[in-house]
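Note sheet for the following structure.
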Amino acid sequence: MEKTAAKAAPVASTVFPIIFAISIVHLLNDSMQSTVSALFPILKDTLQLSYTQIGLIAFAMNMTASFLQPVVGLYADIRPRPYILPVGVCFTLIGIISLALAPNFAVILLAVIAMGVGSAVFHPESSRVAYLAAGGKRGLAQSIFQVGGNIGSSLGPIMTALIFVPLGQIGVIWFTIAAIIAIAIQYYVAGWYGKQQIQPRRSSKAKSAGERTTSLTQLQITIAIVILVFLVFSKHVYMSSITSFYTFYLINDYGVTVEHSQMYLFAFLVASAAGTFFGGPLADRYGRRNIIWLSILGTAPFSILLPYANLFWSGVLCVCAGFVLSSAFSIIVVYAQELLPGKVGLVSGLFFGLAFGLGGLGSAVLGSIADATSIAFIMKLCAYLPLLGLLAVLLPKDETVRGL
């Protein structure tokens, strides 16, 4: 009897080899994704693309991932398919090869759509794996998983300078190695993930013991989810304003070179990766709700001062904003997973989908505003977005969410 209970119990300890494995794949996946934006200057010159076409490429990849991720997450909750993990990376591999060899705009669109499908499969399912492997350290597990993606994304400016300027579009072909490594790691993760899926079917009592149900009403849960969506909006549209337009702001307002501006962006992205890593453990210790509002609202002093600072302090404030703001997203995902117990895949897909979608739409809308006004105006306008962090005070306390 005790033997059966032990077998049926959910993972109690944190399975770090699995968490680090999916974090490495996240790094590889997002570094492959970032080849698209890193390649924009090259594609614009070699294929004579317009800014509208460049925007459509980013939009196609982000929207594909945005719409598909909640669908993949919902399906995983109903019928988990562990070996879809390596299959997802196969789509990214197809996209990488197509992007390296694409002779025209139409093929590039198809390539980035394939990469969007790969990303849509990867994020919700891998976030679900992080949840299963977390044990009692869900914030830490989600942060380790997320930091891999942040590091991968931060490589974009470096790739532009070191790979795509000297090699051109064909340089993307080297990332097939990253895709093959990711497929191998995901096959290993899928084996572990598959074993975890046996347990809920064996004992529904064990499942309910391992997963606390929240004591909140349906209305309270709905309001909390809406607040979290607004917080994701504030974070990702501000992040989009920096990743898409900060380099142009530095070039136009401070007269720095393209290469110099890329180093500032790289510093922001590295600071974002560091913030992501520290956010999870802090939330495990001091509470998810506390770190969420502190992270979003705490960015406001840096973001509001940034457009009025000189070049040196602009860089310092940008790094501080990236570090503080990026600690929020992994915690928001874990908090939402606890709001909706038993729907880990759906929640992960929804919030990763929102992140992709809001980032893509944010770039498009802010670009239109910048054309009508100026890049400096965009920096000043977006500076106030972190003030939406005030909404986090309305979120239920962690103990209430977990039904303690």
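Labels for the structure tokens follow display order: chains A, B, ..., residues from 1 in each chain, ligands from 1.
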Near Tyr249 in chain A, counting only C-alpha atoms, which residues have an atom at most 12 Å away, once you skip same-chain residues fewer than 2 positions from it, shown as a ChimeraX atom specification? /A:241-247,251-258,261-262,264-265,306-307,311,314-315,370,374-380
Residue among A:Val107, A:Ile291, A:Ala364, A:Leu155 lying closest to Val270 in chain A, counting only C-alpha atoms: A:Leu155
Among listed residues A:Cys90, A:Leu132, A:Ile332, A:Ile78, nearest Thr14 in chain A (using only C-alpha atoms):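 Result for the nearest residue to Thr14 in chain A: A:Leu132.
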Hey, can you check how far CA of Leu391 in chain A sits from CA of Leu231 in chain A?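 Atom-to-atom, CA of Leu391 in chain A and CA of Leu231 in chain A are spaced 7.7 Å apart.
When only C-alpha atoms are used to compute distances to Thr92 in chain A, the closest of the residues A:Gly116, A:Gly357, A:Gly287, A:Pro80 turns out to be A:Gly116.
We find CA of Phe352 in chain A and CA of Ile173 in chain A to be spaced 26.9 Å apart.
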Measuring atom to atom with only C-alpha atoms, identify which of A:Asn310, A:Ser153, A:Asn290, A:Gln146 is nearest to Leu394 in chain A.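 Smallest separation from Leu394 in chain A among the options: A:Asn290.
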If we count only C-alpha atoms and set the cut-off at 12 Å, which residues sit around range 215-219 of chain A, ignoring sequence neighbours fewer than 6 positions away in its own chain? Please answer as JSON, numbers by chain. {"A": [225, 226, 338, 339, 340, 341, 395, 396, 397, 398, 399, 400, 401, 402, 403, 404]}
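Minimum atom-to-atom distance to Tyr308 in chain A, evaluated using only C-alpha atoms, belongs to A:Ala383 out of A:Gln337, A:Ser37, A:Ala383, A:Ser234.
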Given only C-alpha atoms as the counted atoms, nearest of A:Leu101, A:Ala76, A:Ile185, A:Leu49 to Pro17 in chain A: A:Ile185
Could you name the residues that touch Ile151 in chain A at 9 Å or less, counting only C-alpha atoms, but leaving out those on the same chain fewer than 4 positions away, as a list in words?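 My reading of the contact set: His26, Leu27, Asp30, Ser31, Gln146, Val147, Leu155, Leu269, Val270, Ser272, Ala273 and Ala274 of chain A.
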CA of Gly152 in chain A to CA of Ala38 in chain A, distance in Å rounded to a single decimal: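 Separating CA of Gly152 in chain A from CA of Ala38 in chain A is a distance of 12.0 Å.
Near Tyr384 in chain A, within 8 Å and counting only C-alpha atoms, sit Ala300, Ser303 and Ile304 of chain A; same-chain residues fewer than 5 positions away were not included.
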Which residues are close to Ser119 in chain A, i.e. within 8 Å by only C-alpha atoms, leaving aside same-chain residues fewer than 3 positions away? Reply as an MDAnalysis selection string. chainID A and resid 29 65 88:89 92 115:116 122:123
Could you pull the residues within 8 Å of Ile292 in chain A, counting only C-alpha atoms, minus those fewer than 5 positions along the same chain, as number ranges by chain? A: 327-328, 331-332, 389, 392
Taking N, CA and C atoms for each residue, export the selection above as an mmCIF file, in the first residue's frame.
```cif
data_model
loop_
_atom_site.group_PDB
_atom_site.id
_atom_site.type_symbol
_atom_site.label_atom_id
_atom_site.label_comp_id
_atom_site.auth_asym_id
_atom_site.auth_seq_id
_atom_site.Cartn_x
_atom_site.Cartn_y
_atom_site.Cartn_z
ATOM 1 N N SER A 327 12.392 40.471 -13.721
ATOM 2 C CA SER A 327 12.172 39.502 -12.641
ATOM 3 C C SER A 327 10.705 39.104 -12.523
ATOM 4 N N ALA A 328 9.815 39.815 -13.247
ATOM 5 C CA ALA A 328 8.375 39.618 -13.044
ATOM 6 C C ALA A 328 7.778 38.452 -13.822
ATOM 7 N N ILE A 331 7.469 34.855 -12.528
ATOM 8 C CA ILE A 331 6.634 34.820 -11.333
ATOM 9 C C ILE A 331 5.161 34.948 -11.708
ATOM 10 N N ILE A 332 4.871 35.782 -12.695
ATOM 11 C CA ILE A 332 3.490 35.921 -13.172
ATOM 12 C C ILE A 332 2.974 34.578 -13.677
ATOM 13 N N GLY A 389 2.063 48.742 -12.711
ATOM 14 C CA GLY A 389 2.397 47.823 -11.625
ATOM 15 C C GLY A 389 1.587 48.069 -10.365
ATOM 16 N N ALA A 392 -0.991 45.476 -9.324
ATOM 17 C CA ALA A 392 -0.609 44.230 -8.650
ATOM 18 C C ALA A 392 -1.010 44.231 -7.188
#
```
Determine which residues of range 319-350 of chain A receive a DSSP assignment of helix (DSSP H, G or I), computed from the backbone, and state them as a PyMOL selection string. chain A and resi 319-325+329-339+344-350
